[in-house]
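Chemist: My file is query.txt. It has compact mmCIF, N, CA, C and O atoms:
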# COMPACT_ATOMS: atom_id res chain seq x y z
N MET A 1 -143.03 6.98 -52.75
CA MET A 1 -142.96 7.36 -54.15
C MET A 1 -144.32 7.17 -54.79
O MET A 1 -144.98 6.17 -54.54
N SER A 2 -144.64 8.09 -55.63
CA SER A 2 -145.90 7.95 -56.38
C SER A 2 -145.71 6.86 -57.43
O SER A 2 -144.57 6.54 -57.82
N PRO A 3 -146.79 6.27 -57.90
CA PRO A 3 -146.66 5.23 -58.94
C PRO A 3 -145.93 5.73 -60.19
O PRO A 3 -145.16 4.99 -60.80
N LEU A 4 -146.15 6.98 -60.57
CA LEU A 4 -145.48 7.53 -61.75
C LEU A 4 -143.97 7.62 -61.53
O LEU A 4 -143.17 7.22 -62.39
N VAL A 5 -143.58 8.12 -60.38
CA VAL A 5 -142.15 8.24 -60.07
C VAL A 5 -141.54 6.86 -59.93
O VAL A 5 -140.42 6.61 -60.42
N GLN A 6 -142.25 5.93 -59.30
CA GLN A 6 -141.74 4.56 -59.15
C GLN A 6 -141.52 3.92 -60.51
O GLN A 6 -140.50 3.26 -60.74
N SER A 7 -142.44 4.13 -61.43
CA SER A 7 -142.31 3.58 -62.77
C SER A 7 -141.09 4.16 -63.48
O SER A 7 -140.33 3.44 -64.15
N ALA A 8 -140.88 5.47 -63.34
CA ALA A 8 -139.72 6.11 -63.96
C ALA A 8 -138.43 5.57 -63.34
O ALA A 8 -137.46 5.30 -64.07
N MET A 9 -138.41 5.42 -62.04
CA MET A 9 -137.22 4.88 -61.36
C MET A 9 -136.93 3.45 -61.81
O MET A 9 -135.78 3.09 -62.04
N ASP A 10 -137.97 2.64 -61.92
CA ASP A 10 -137.79 1.27 -62.38
C ASP A 10 -137.24 1.23 -63.79
O ASP A 10 -136.35 0.41 -64.10
N GLY A 11 -137.73 2.11 -64.66
CA GLY A 11 -137.22 2.18 -66.03
C GLY A 11 -135.76 2.60 -66.07
O GLY A 11 -134.96 2.04 -66.81
N LEU A 12 -135.41 3.59 -65.26
CA LEU A 12 -134.02 4.04 -65.19
C LEU A 12 -133.12 2.93 -64.66
O LEU A 12 -132.04 2.69 -65.20
N ARG A 13 -133.56 2.26 -63.63
CA ARG A 13 -132.78 1.17 -63.04
C ARG A 13 -132.54 0.07 -64.08
O ARG A 13 -131.43 -0.43 -64.23
N GLU A 14 -133.59 -0.30 -64.80
CA GLU A 14 -133.47 -1.33 -65.83
C GLU A 14 -132.47 -0.90 -66.91
O GLU A 14 -131.61 -1.67 -67.34
N PHE A 15 -132.58 0.35 -67.34
CA PHE A 15 -131.66 0.88 -68.34
C PHE A 15 -130.22 0.85 -67.84
O PHE A 15 -129.30 0.44 -68.56
N MET A 16 -129.99 1.29 -66.61
CA MET A 16 -128.64 1.34 -66.06
C MET A 16 -128.01 -0.05 -65.99
O MET A 16 -126.84 -0.22 -66.33
N PHE A 17 -128.79 -1.04 -65.55
CA PHE A 17 -128.23 -2.38 -65.48
C PHE A 17 -127.98 -2.96 -66.87
O PHE A 17 -126.99 -3.66 -67.08
N GLU A 18 -128.82 -2.65 -67.82
CA GLU A 18 -128.66 -3.20 -69.16
C GLU A 18 -127.53 -2.53 -69.93
O GLU A 18 -126.73 -3.19 -70.60
N LYS A 19 -127.42 -1.21 -69.83
CA LYS A 19 -126.48 -0.46 -70.67
C LYS A 19 -125.20 -0.02 -69.97
O LYS A 19 -124.20 0.24 -70.63
N VAL A 20 -125.20 0.07 -68.66
CA VAL A 20 -124.03 0.62 -67.96
C VAL A 20 -123.37 -0.44 -67.10
O VAL A 20 -122.19 -0.75 -67.28
N TYR A 21 -124.08 -0.99 -66.15
CA TYR A 21 -123.46 -1.87 -65.16
C TYR A 21 -123.03 -3.21 -65.73
O TYR A 21 -122.03 -3.77 -65.30
N ARG A 22 -123.74 -3.75 -66.68
CA ARG A 22 -123.44 -5.09 -67.19
C ARG A 22 -122.92 -5.08 -68.62
O ARG A 22 -122.93 -6.09 -69.29
N ASP A 23 -122.44 -3.98 -69.05
CA ASP A 23 -121.91 -3.87 -70.39
C ASP A 23 -120.68 -4.77 -70.53
O ASP A 23 -119.88 -4.89 -69.60
N ALA A 24 -120.49 -5.38 -71.69
CA ALA A 24 -119.38 -6.31 -71.90
C ALA A 24 -118.03 -5.62 -71.73
O ALA A 24 -117.11 -6.19 -71.16
N TRP A 25 -117.91 -4.39 -72.21
CA TRP A 25 -116.62 -3.71 -72.09
C TRP A 25 -116.26 -3.48 -70.63
O TRP A 25 -115.10 -3.50 -70.25
N ARG A 26 -117.26 -3.25 -69.80
CA ARG A 26 -117.01 -2.99 -68.39
C ARG A 26 -116.43 -4.24 -67.72
O ARG A 26 -115.50 -4.14 -66.90
N ALA A 27 -116.93 -5.40 -68.06
CA ALA A 27 -116.41 -6.64 -67.47
C ALA A 27 -114.94 -6.83 -67.83
O ALA A 27 -114.13 -7.20 -66.97
N ALA A 28 -114.57 -6.53 -69.06
CA ALA A 28 -113.17 -6.65 -69.48
C ALA A 28 -112.31 -5.63 -68.74
O ALA A 28 -111.20 -5.95 -68.29
N GLU A 29 -112.80 -4.42 -68.57
CA GLU A 29 -112.04 -3.39 -67.83
C GLU A 29 -111.89 -3.77 -66.36
O GLU A 29 -110.84 -3.53 -65.76
N GLU A 30 -112.92 -4.37 -65.79
CA GLU A 30 -112.83 -4.79 -64.39
C GLU A 30 -111.74 -5.84 -64.19
O GLU A 30 -111.02 -5.81 -63.19
N LEU A 31 -111.59 -6.75 -65.14
CA LEU A 31 -110.52 -7.74 -65.06
C LEU A 31 -109.15 -7.07 -65.11
O LEU A 31 -108.24 -7.43 -64.37
N ARG A 32 -109.02 -6.08 -65.98
CA ARG A 32 -107.75 -5.35 -66.07
C ARG A 32 -107.48 -4.58 -64.78
O ARG A 32 -106.34 -4.53 -64.31
N CYS A 33 -108.51 -3.97 -64.23
CA CYS A 33 -108.35 -3.24 -62.97
C CYS A 33 -107.97 -4.18 -61.84
O CYS A 33 -107.11 -3.85 -61.01
N ASP A 34 -108.61 -5.34 -61.79
CA ASP A 34 -108.26 -6.34 -60.78
C ASP A 34 -106.78 -6.71 -60.88
O ASP A 34 -106.10 -6.86 -59.86
N HIS A 35 -106.30 -6.85 -62.10
CA HIS A 35 -104.89 -7.20 -62.30
C HIS A 35 -103.97 -6.10 -61.74
O HIS A 35 -102.99 -6.40 -61.05
N VAL A 36 -104.29 -4.85 -62.02
CA VAL A 36 -103.47 -3.74 -61.56
C VAL A 36 -103.45 -3.70 -60.03
O VAL A 36 -102.38 -3.61 -59.41
N VAL A 37 -104.61 -3.80 -59.41
CA VAL A 37 -104.68 -3.72 -57.95
C VAL A 37 -103.95 -4.90 -57.31
O VAL A 37 -103.20 -4.73 -56.34
N THR A 38 -104.13 -6.08 -57.85
CA THR A 38 -103.45 -7.27 -57.31
C THR A 38 -101.94 -7.14 -57.46
O THR A 38 -101.19 -7.44 -56.52
N ALA A 39 -101.48 -6.68 -58.62
CA ALA A 39 -100.04 -6.52 -58.84
C ALA A 39 -99.45 -5.50 -57.88
O ALA A 39 -98.37 -5.71 -57.32
N LEU A 40 -100.14 -4.39 -57.67
CA LEU A 40 -99.66 -3.38 -56.74
C LEU A 40 -99.63 -3.92 -55.31
O LEU A 40 -98.65 -3.71 -54.57
N PHE A 41 -100.65 -4.64 -54.91
CA PHE A 41 -100.69 -5.23 -53.57
C PHE A 41 -99.51 -6.17 -53.38
O PHE A 41 -98.78 -6.09 -52.38
N GLU A 42 -99.30 -7.07 -54.32
CA GLU A 42 -98.21 -8.04 -54.21
C GLU A 42 -96.85 -7.33 -54.20
O GLU A 42 -95.95 -7.72 -53.45
N TYR A 43 -96.70 -6.30 -55.01
CA TYR A 43 -95.43 -5.58 -55.06
C TYR A 43 -95.13 -4.94 -53.70
O TYR A 43 -94.02 -5.09 -53.18
N TYR A 44 -96.10 -4.23 -53.14
CA TYR A 44 -95.84 -3.53 -51.87
C TYR A 44 -95.76 -4.49 -50.69
O TYR A 44 -95.11 -4.15 -49.69
N MET A 45 -96.33 -5.67 -50.81
CA MET A 45 -96.12 -6.68 -49.76
C MET A 45 -94.65 -7.12 -49.75
O MET A 45 -94.09 -7.39 -48.70
N LYS A 46 -94.04 -7.16 -50.93
CA LYS A 46 -92.63 -7.55 -51.03
C LYS A 46 -91.68 -6.37 -50.80
O LYS A 46 -90.51 -6.57 -50.49
N HIS A 47 -92.17 -5.14 -50.99
CA HIS A 47 -91.34 -3.94 -50.87
C HIS A 47 -92.04 -2.90 -49.99
O HIS A 47 -92.30 -1.77 -50.43
N PRO A 48 -92.35 -3.24 -48.74
CA PRO A 48 -93.10 -2.29 -47.91
C PRO A 48 -92.35 -0.99 -47.64
O PRO A 48 -92.98 0.05 -47.44
N GLY A 49 -91.05 -1.02 -47.70
CA GLY A 49 -90.26 0.19 -47.47
C GLY A 49 -90.46 1.27 -48.51
O GLY A 49 -90.04 2.41 -48.31
N GLU A 50 -91.10 0.93 -49.63
CA GLU A 50 -91.36 1.91 -50.67
C GLU A 50 -92.68 2.66 -50.47
O GLU A 50 -93.00 3.56 -51.25
N MET A 51 -93.42 2.28 -49.43
CA MET A 51 -94.65 3.00 -49.11
C MET A 51 -94.31 4.19 -48.22
O MET A 51 -93.27 4.21 -47.56
N PRO A 52 -95.20 5.19 -48.18
CA PRO A 52 -94.97 6.30 -47.25
C PRO A 52 -94.90 5.81 -45.80
O PRO A 52 -95.48 4.78 -45.44
N GLU A 53 -94.19 6.56 -44.99
CA GLU A 53 -93.93 6.17 -43.61
C GLU A 53 -95.20 5.89 -42.81
O GLU A 53 -95.24 4.98 -41.98
N GLU A 54 -96.25 6.66 -43.05
CA GLU A 54 -97.49 6.46 -42.29
C GLU A 54 -98.05 5.05 -42.48
O GLU A 54 -98.66 4.49 -41.57
N PHE A 55 -97.83 4.46 -43.65
CA PHE A 55 -98.33 3.11 -43.89
C PHE A 55 -97.43 2.06 -43.26
O PHE A 55 -97.90 0.99 -42.88
N LEU A 56 -96.15 2.38 -43.13
CA LEU A 56 -95.26 1.47 -42.41
C LEU A 56 -95.67 1.39 -40.94
O LEU A 56 -95.65 0.31 -40.34
N LEU A 57 -96.05 2.52 -40.38
CA LEU A 57 -96.52 2.54 -39.00
C LEU A 57 -97.77 1.68 -38.85
O LEU A 57 -97.88 0.90 -37.90
N ILE A 58 -98.68 1.79 -39.79
CA ILE A 58 -99.88 0.93 -39.78
C ILE A 58 -99.44 -0.53 -39.86
O ILE A 58 -100.00 -1.38 -39.16
N GLY A 59 -98.45 -0.80 -40.68
CA GLY A 59 -97.95 -2.17 -40.82
C GLY A 59 -97.43 -2.73 -39.51
O GLY A 59 -97.69 -3.89 -39.17
N TYR A 60 -96.71 -1.93 -38.76
CA TYR A 60 -96.19 -2.39 -37.47
C TYR A 60 -97.29 -2.56 -36.44
O TYR A 60 -97.23 -3.44 -35.60
N GLN A 61 -98.31 -1.72 -36.53
CA GLN A 61 -99.39 -1.77 -35.55
C GLN A 61 -100.47 -2.80 -35.87
O GLN A 61 -100.98 -3.46 -34.98
N GLU A 62 -100.81 -2.91 -37.16
CA GLU A 62 -101.95 -3.74 -37.54
C GLU A 62 -101.62 -4.86 -38.52
O GLU A 62 -102.50 -5.59 -38.95
N GLY A 63 -100.37 -4.95 -38.93
CA GLY A 63 -99.97 -5.97 -39.89
C GLY A 63 -99.75 -5.36 -41.26
O GLY A 63 -100.44 -4.41 -41.66
N MET A 64 -98.80 -5.93 -41.98
CA MET A 64 -98.42 -5.37 -43.27
C MET A 64 -99.53 -5.53 -44.31
O MET A 64 -99.71 -4.66 -45.16
N GLU A 65 -100.31 -6.60 -44.23
CA GLU A 65 -101.41 -6.75 -45.19
C GLU A 65 -102.39 -5.60 -45.07
O GLU A 65 -102.87 -5.08 -46.07
N ARG A 66 -102.72 -5.22 -43.84
CA ARG A 66 -103.64 -4.10 -43.62
C ARG A 66 -103.04 -2.81 -44.17
O ARG A 66 -103.73 -2.01 -44.81
N ALA A 67 -101.74 -2.59 -43.91
CA ALA A 67 -101.09 -1.37 -44.37
C ALA A 67 -101.06 -1.28 -45.90
O ALA A 67 -101.38 -0.23 -46.47
N VAL A 68 -100.69 -2.37 -46.55
CA VAL A 68 -100.63 -2.37 -48.01
C VAL A 68 -102.03 -2.21 -48.60
O VAL A 68 -102.23 -1.46 -49.55
N CYS A 69 -102.98 -2.88 -48.02
CA CYS A 69 -104.38 -2.74 -48.46
C CYS A 69 -104.83 -1.29 -48.36
O CYS A 69 -105.41 -0.75 -49.29
N ASP A 70 -104.54 -0.65 -47.22
CA ASP A 70 -104.92 0.75 -47.04
C ASP A 70 -104.21 1.64 -48.06
O ASP A 70 -104.82 2.55 -48.63
N PHE A 71 -102.92 1.39 -48.28
CA PHE A 71 -102.15 2.21 -49.22
C PHE A 71 -102.70 2.09 -50.63
O PHE A 71 -102.97 3.10 -51.30
N VAL A 72 -102.89 0.88 -51.09
CA VAL A 72 -103.38 0.68 -52.46
C VAL A 72 -104.82 1.18 -52.60
O VAL A 72 -105.17 1.81 -53.60
N SER A 73 -105.64 0.97 -51.59
CA SER A 73 -107.04 1.37 -51.70
C SER A 73 -107.23 2.88 -51.69
O SER A 73 -108.24 3.37 -52.19
N CYS A 74 -106.26 3.62 -51.16
CA CYS A 74 -106.44 5.08 -51.17
C CYS A 74 -105.84 5.72 -52.42
O CYS A 74 -105.90 6.93 -52.58
N MET A 75 -105.29 4.92 -53.32
CA MET A 75 -104.78 5.46 -54.58
C MET A 75 -105.96 5.84 -55.48
O MET A 75 -106.94 5.12 -55.56
N THR A 76 -105.83 6.96 -56.18
CA THR A 76 -106.81 7.26 -57.21
C THR A 76 -106.56 6.32 -58.40
O THR A 76 -105.49 5.70 -58.49
N ASP A 77 -107.51 6.23 -59.28
CA ASP A 77 -107.34 5.39 -60.47
C ASP A 77 -106.09 5.82 -61.25
O ASP A 77 -105.27 4.98 -61.63
N ARG A 78 -105.95 7.10 -61.48
CA ARG A 78 -104.82 7.60 -62.26
C ARG A 78 -103.49 7.31 -61.58
O ARG A 78 -102.51 6.94 -62.23
N TYR A 79 -103.45 7.52 -60.27
CA TYR A 79 -102.21 7.28 -59.54
C TYR A 79 -101.85 5.79 -59.57
O TYR A 79 -100.70 5.42 -59.75
N ALA A 80 -102.85 4.93 -59.40
CA ALA A 80 -102.60 3.48 -59.43
C ALA A 80 -102.08 3.06 -60.80
O ALA A 80 -101.12 2.28 -60.89
N ILE A 81 -102.66 3.58 -61.85
CA ILE A 81 -102.21 3.23 -63.21
C ILE A 81 -100.80 3.74 -63.45
O ILE A 81 -99.94 3.02 -63.98
N ARG A 82 -100.52 4.99 -63.05
CA ARG A 82 -99.17 5.55 -63.21
C ARG A 82 -98.14 4.73 -62.42
O ARG A 82 -97.06 4.45 -62.91
N THR A 83 -98.51 4.35 -61.20
CA THR A 83 -97.60 3.56 -60.37
C THR A 83 -97.36 2.20 -60.99
O THR A 83 -96.23 1.72 -61.05
N TYR A 84 -98.42 1.56 -61.46
CA TYR A 84 -98.29 0.26 -62.13
C TYR A 84 -97.35 0.39 -63.33
O TYR A 84 -96.45 -0.43 -63.52
N GLN A 85 -97.56 1.42 -64.15
CA GLN A 85 -96.71 1.61 -65.33
C GLN A 85 -95.25 1.81 -64.92
O GLN A 85 -94.34 1.25 -65.54
N LYS A 86 -95.03 2.61 -63.89
CA LYS A 86 -93.66 2.87 -63.44
C LYS A 86 -92.99 1.59 -62.94
O LYS A 86 -91.82 1.35 -63.21
N LEU A 87 -93.75 0.74 -62.25
CA LEU A 87 -93.18 -0.47 -61.67
C LEU A 87 -93.05 -1.62 -62.65
O LEU A 87 -92.11 -2.42 -62.55
N PHE A 88 -93.97 -1.75 -63.59
CA PHE A 88 -94.05 -2.98 -64.39
C PHE A 88 -93.92 -2.82 -65.90
O PHE A 88 -93.74 -3.82 -66.59
N VAL A 89 -94.03 -1.62 -66.41
CA VAL A 89 -93.95 -1.43 -67.86
C VAL A 89 -92.57 -0.88 -68.19
O VAL A 89 -92.20 0.19 -67.70
N PRO A 90 -91.79 -1.59 -69.02
CA PRO A 90 -90.46 -1.12 -69.34
C PRO A 90 -90.48 0.22 -70.08
O PRO A 90 -91.37 0.46 -70.90
N ALA A 91 -89.52 1.04 -69.78
CA ALA A 91 -89.36 2.31 -70.51
C ALA A 91 -88.66 1.99 -71.83
O ALA A 91 -87.92 1.03 -71.94
N GLY A 92 -88.89 2.82 -72.80
CA GLY A 92 -88.22 2.64 -74.08
C GLY A 92 -86.73 2.91 -73.95
O GLY A 92 -86.29 3.64 -73.07
N PHE A 93 -85.96 2.34 -74.82
CA PHE A 93 -84.51 2.56 -74.83
C PHE A 93 -84.20 3.77 -75.73
O PHE A 93 -84.84 3.97 -76.75
N ALA A 94 -83.20 4.50 -75.34
CA ALA A 94 -82.77 5.65 -76.13
C ALA A 94 -82.11 5.15 -77.41
O ALA A 94 -81.41 4.14 -77.42
N LEU A 95 -82.35 5.86 -78.48
CA LEU A 95 -81.74 5.52 -79.76
C LEU A 95 -80.40 6.23 -79.87
O LEU A 95 -80.27 7.39 -79.51
N PHE A 96 -79.43 5.54 -80.38
CA PHE A 96 -78.09 6.14 -80.54
C PHE A 96 -77.82 6.44 -81.97
O PHE A 96 -78.19 5.87 -82.88
Now that the file is in, can you turn its structure into structure tokens?

Modeler:
Amino acid sequence: MSPLVQSAMDGLREFMFEKVYRDAWRAAEELRCDHVVTALFEYYMKHPGEMPEEFLLIGYQEGMERAVCDFVSCMTDRYAIRTYQKLFVPAGFALF
């Protein structure tokens, strides 16, 4: 890298760490995300039969922890959040 490009890269890196990677809101969101992933892992460890069959096969071959880890880790963010809501957030009651 030329000195000019290196200087620009260093400035960008400094900016990214200051404004994006270490932002206070991000730390709070990471804690919430950790909670969701942990809750999903614990749930499927107790209810492995609710995972797709391919993950049950992994569970028999490599252990249930590996299977649940693989299942949860391949969830998209949206799917993980939807699944968490379905499993842990009560639905509203119908009004009569």

Chemist: Near Glu42 (chain A), within 12 Å and counting only C-alpha atoms, which residues show up once chain neighbours fewer than 5 positions away are dropped, as a PyMOL selection string?

Modeler: chain A and resi 35-37+47-48+64-65+68-69+72+84+87

Chemist: Could you tell me how far atom C of Lys46 (chain A) sits from atom N of Leu31 (chain A), in Å to one decimal place?

Modeler: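 Distance between the two atoms: 24.5 Å.
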
Chemist: Residues of chain A in helix (DSSP H, G or I) according to DSSP, as a ChimeraX atom specification?

Modeler: /A:3-21,24-46,48-50,53-62,64-73,77-88

Chemist: Mind giving me the straight-line distance from atom C of Glu50 (chain A) to atom O of Ala27 (chain A) in Å, one decimal?

Modeler: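 Separation between atom C of Glu50 (chain A) and atom O of Ala27 (chain A): 28.8 Å.
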
Chemist: Adding 3 Å on each side of the box along x, y and z that holds all listed atoms of region 57-67 of chain A, could you give its centre and edge lengths in Å to one decimal, as JSON?

Modeler:
{"center_x": -99.9, "center_y": -2.1, "center_z": -40.7, "size_x": 13.7, "size_y": 15.3, "size_z": 17.5}
